[in-house]
Amino acid sequence: MFAWTAYLPVGRLLHVMTDGALLEELAPVAERLTHRHYDTCKPWYPHEFVPWSMGRDFQPDEVWDPAETPLPESVRSALFVNLLTEDNLPYYFQTIDRMFGNAGIWREWSHRWTAEEARHSIALREYLTVTRTLDPRLVEDGRMSQMSGGQVPDPDSPVDGFVYVALQELATRIAHRNTGRALVEHLGDHPAAKAGYDLLNRVAADENFHFLFYRDLTSAALEIEPSLVLPALERQVREFEMPGTGIPGFRAHAELIARDGLYNLQQHHDQILQPVVMKWWNIESLQGLTAEAEVARDALLRRIQRIGRVALRLADRAREAV
């Protein structure tokens, strides 16, 4: 965990702060992290990642042929869910704007985040359309359904929001990278393979920068007021779901994605809960907690242990089924 004490006031009496007071104290940290983001997340251009030479016109009522880009349904599901999630961006922005406020550094960050996530939607749609990897009619019908409903995770508080987005951005990074590798594995020398791999890794890099912002913001919040953050951590680990609520057939897509290892419970435990919640945020060593926060920590530790046991059982069953 980074030490943020250089950016925090000293001599403050221990007490459980309100959400508004915490956001006020976190503003200098958010400003520093935003400028770090500007320095590390360099611009990139979707048109440079799309294999335009593969493109041709779609004739009226032309039937999509999956044989043009032969892929397992799990990989198509991952691409479909990832794109439609990005399409639903206006509603994520609405939630973040409500939780963090629309003034100062919080407004600057949420607008920058939105602009970068919108670039993902542009790039993914252009790639999928040009390569004919997904049925364009199915994609458009799904987009209309998803955006007409506008369903997104809606955390209870700004602290819940920091925690959820940190976990979700890292999960998304993992899923994008795994999907990119799957494209190469299944498509081989097909021209859509390398282009898709490069694009998904570029998108995953952005998601990692976003993860780092929220991870370190949560670290700072833990140093300021751990008794406010720990209950949020427990809630978000217990209730965590990947974004995608409202996507047509989301549960079936999620099952395919998990089955083929593009994102599953074992990855969630081994690559997110253990390295971030347990080690980076180091929740077992936090001190000066309220009784409520102590209860939340105990519940969180039990939850993570249980997730680990369930993940191992599911992995064993998957290996036996092969």
# chains A, B, ... in the order shown; residues from 1 in each chain; ligands from 1
call {"tool": "residues_around", "arguments": {"residues": "range 106-114 of chain A", "least_positions_apart": "2", "cutoff": "8 Å", "atoms": "only C-alpha atoms", "output": "PyMOL selection string"}}
result
chain A and resi 27+30+34+89+93+96-97+100-104+116-118+210
call {"tool": "select_by_dssp", "arguments": {"residues": "range 126-320 of chain A", "states": "helix (DSSP H, G or I)", "output": "PyMOL selection string"}}
result
chain A and resi 126-131+136-149+158-187+191-224+226-239+250-259+265-280+283-285+291-320
call {"tool": "closest_residue", "arguments": {"among": "A:Gln287, A:Pro243, A:His47, A:Phe213", "to": "His35 in chain A", "atoms": "only C-alpha atoms"}}
result
A:Phe213
call {"tool": "closest_residue", "arguments": {"among": "A:Ser148, A:Thr218, A:Ser157, A:Thr69", "to": "Leu128 in chain A", "atoms": "only C-alpha atoms"}}
result
A:Thr69
call {"tool": "closest_residue", "arguments": {"among": "A:Val163, A:Leu200, A:Ala318, A:Met278", "to": "Tyr214 in chain A", "atoms": "only C-alpha atoms"}}
result
A:Val163
call {"tool": "atom_distance", "arguments": {"atom1": "CA of His269 in chain A", "atom2": "CA of Asp216 in chain A"}}
result
19.6 Å
call {"tool": "residues_around", "arguments": {"residues": "range 290-305 of chain A", "least_positions_apart": "3", "cutoff": "8 Å", "atoms": "only C-alpha atoms", "output": "short mmCIF file (atom, residue, chain, number, x, y, z; two decimals) with N, CA and C atoms, in the first residue's frame"}}
result
data_model
loop_
_atom_site.label_atom_id
_atom_site.label_comp_id
_atom_site.auth_asym_id
_atom_site.auth_seq_id
_atom_site.Cartn_x
_atom_site.Cartn_y
_atom_site.Cartn_z
N PRO A 226 -10.50 4.10 8.10
CA PRO A 226 -10.72 2.69 7.81
C PRO A 226 -12.07 2.17 8.28
N SER A 227 -12.62 2.76 9.32
CA SER A 227 -13.90 2.27 9.84
C SER A 227 -15.06 2.61 8.92
N LEU A 228 -14.87 3.58 8.02
CA LEU A 228 -15.88 3.86 7.02
C LEU A 228 -15.70 2.98 5.79
N LEU A 230 -14.07 -0.18 5.57
CA LEU A 230 -14.19 -1.63 5.71
C LEU A 230 -15.60 -2.16 5.48
N PRO A 231 -16.64 -1.54 6.03
CA PRO A 231 -17.99 -2.03 5.71
C PRO A 231 -18.29 -1.98 4.22
N LEU A 233 -16.02 -2.29 1.82
CA LEU A 233 -15.28 -3.41 1.25
C LEU A 233 -16.05 -4.71 1.40
N GLU A 234 -16.58 -4.93 2.59
CA GLU A 234 -17.32 -6.17 2.82
C GLU A 234 -18.54 -6.25 1.92
N VAL A 237 -17.40 -6.84 -1.91
CA VAL A 237 -16.92 -8.20 -2.17
C VAL A 237 -18.09 -9.17 -2.13
N ARG A 238 -18.97 -8.98 -1.18
CA ARG A 238 -20.12 -9.89 -1.04
C ARG A 238 -21.08 -9.78 -2.22
N HIS A 269 -10.79 -14.62 -7.39
CA HIS A 269 -10.16 -14.82 -6.09
C HIS A 269 -8.64 -14.64 -6.15
N LEU A 273 -9.06 -10.59 -5.33
CA LEU A 273 -9.30 -10.57 -3.88
C LEU A 273 -8.01 -10.77 -3.09
N ILE A 283 -5.97 -5.65 4.79
CA ILE A 283 -7.08 -5.43 5.72
C ILE A 283 -6.87 -6.11 7.07
N GLU A 284 -6.06 -7.14 7.11
CA GLU A 284 -5.87 -7.84 8.38
C GLU A 284 -5.08 -7.00 9.39
N GLY A 308 -12.59 -18.61 -2.10
CA GLY A 308 -11.45 -19.41 -2.51
C GLY A 308 -11.77 -20.90 -2.54
N ARG A 309 -12.49 -21.38 -1.52
CA ARG A 309 -12.85 -22.80 -1.48
C ARG A 309 -13.81 -23.16 -2.61
#
call {"tool": "residues_around", "arguments": {"residues": "range 181-192 of chain A", "least_positions_apart": "2", "cutoff": "8 Å", "atoms": "only C-alpha atoms", "output": "JSON, numbers by chain"}}
result
{"A": [51, 54, 69, 70, 71, 72, 75, 131, 177, 178, 179, 194, 195, 196, 197]}
call {"tool": "write_last_selection", "arguments": {"atoms": "N, CA and C atoms", "output": "mmCIF file, in the first residue's frame"}}
result
data_model
loop_
_atom_site.group_PDB
_atom_site.id
_atom_site.type_symbol
_atom_site.label_atom_id
_atom_site.label_comp_id
_atom_site.auth_asym_id
_atom_site.auth_seq_id
_atom_site.Cartn_x
_atom_site.Cartn_y
_atom_site.Cartn_z
ATOM 1 N N PRO A 51 -8.451 -3.331 -38.567
ATOM 2 C CA PRO A 51 -7.964 -3.843 -39.856
ATOM 3 C C PRO A 51 -8.927 -3.488 -40.984
ATOM 4 N N MET A 54 -9.991 -5.493 -44.194
ATOM 5 C CA MET A 54 -10.920 -6.621 -44.160
ATOM 6 C C MET A 54 -12.347 -6.200 -44.474
ATOM 7 N N THR A 69 -15.159 -15.705 -39.265
ATOM 8 C CA THR A 69 -14.223 -15.604 -38.137
ATOM 9 C C THR A 69 -14.589 -16.714 -37.153
ATOM 10 N N PRO A 70 -14.072 -17.909 -37.359
ATOM 11 C CA PRO A 70 -14.479 -19.081 -36.558
ATOM 12 C C PRO A 70 -13.973 -18.997 -35.120
ATOM 13 N N LEU A 71 -14.898 -18.804 -34.196
ATOM 14 C CA LEU A 71 -14.549 -18.648 -32.789
ATOM 15 C C LEU A 71 -15.510 -19.442 -31.907
ATOM 16 N N PRO A 72 -15.074 -19.892 -30.737
ATOM 17 C CA PRO A 72 -16.000 -20.493 -29.775
ATOM 18 C C PRO A 72 -17.031 -19.456 -29.322
ATOM 19 N N VAL A 75 -15.940 -16.855 -26.644
ATOM 20 C CA VAL A 75 -15.188 -15.669 -27.052
ATOM 21 C C VAL A 75 -16.127 -14.634 -27.649
ATOM 22 N N THR A 131 -14.397 -6.862 -39.051
ATOM 23 C CA THR A 131 -13.981 -8.265 -39.093
ATOM 24 C C THR A 131 -15.160 -9.230 -39.144
ATOM 25 N N ARG A 177 -7.712 -9.050 -21.579
ATOM 26 C CA ARG A 177 -6.456 -9.703 -21.957
ATOM 27 C C ARG A 177 -6.670 -11.176 -22.277
ATOM 28 N N ASN A 178 -7.493 -11.835 -21.492
ATOM 29 C CA ASN A 178 -7.772 -13.245 -21.772
ATOM 30 C C ASN A 178 -8.496 -13.408 -23.100
ATOM 31 N N THR A 179 -9.399 -12.486 -23.408
ATOM 32 C CA THR A 179 -10.123 -12.555 -24.682
ATOM 33 C C THR A 179 -9.177 -12.323 -25.848
ATOM 34 N N LYS A 194 -4.446 -10.907 -34.820
ATOM 35 C CA LYS A 194 -3.477 -9.979 -34.240
ATOM 36 C C LYS A 194 -4.097 -8.617 -33.990
ATOM 37 N N ALA A 195 -4.939 -8.160 -34.913
ATOM 38 C CA ALA A 195 -5.585 -6.861 -34.719
ATOM 39 C C ALA A 195 -6.435 -6.863 -33.449
ATOM 40 N N GLY A 196 -7.183 -7.951 -33.230
ATOM 41 C CA GLY A 196 -8.000 -8.048 -32.031
ATOM 42 C C GLY A 196 -7.162 -8.134 -30.774
ATOM 43 N N TYR A 197 -6.089 -8.894 -30.852
ATOM 44 C CA TYR A 197 -5.179 -9.028 -29.708
ATOM 45 C C TYR A 197 -4.597 -7.664 -29.332
#
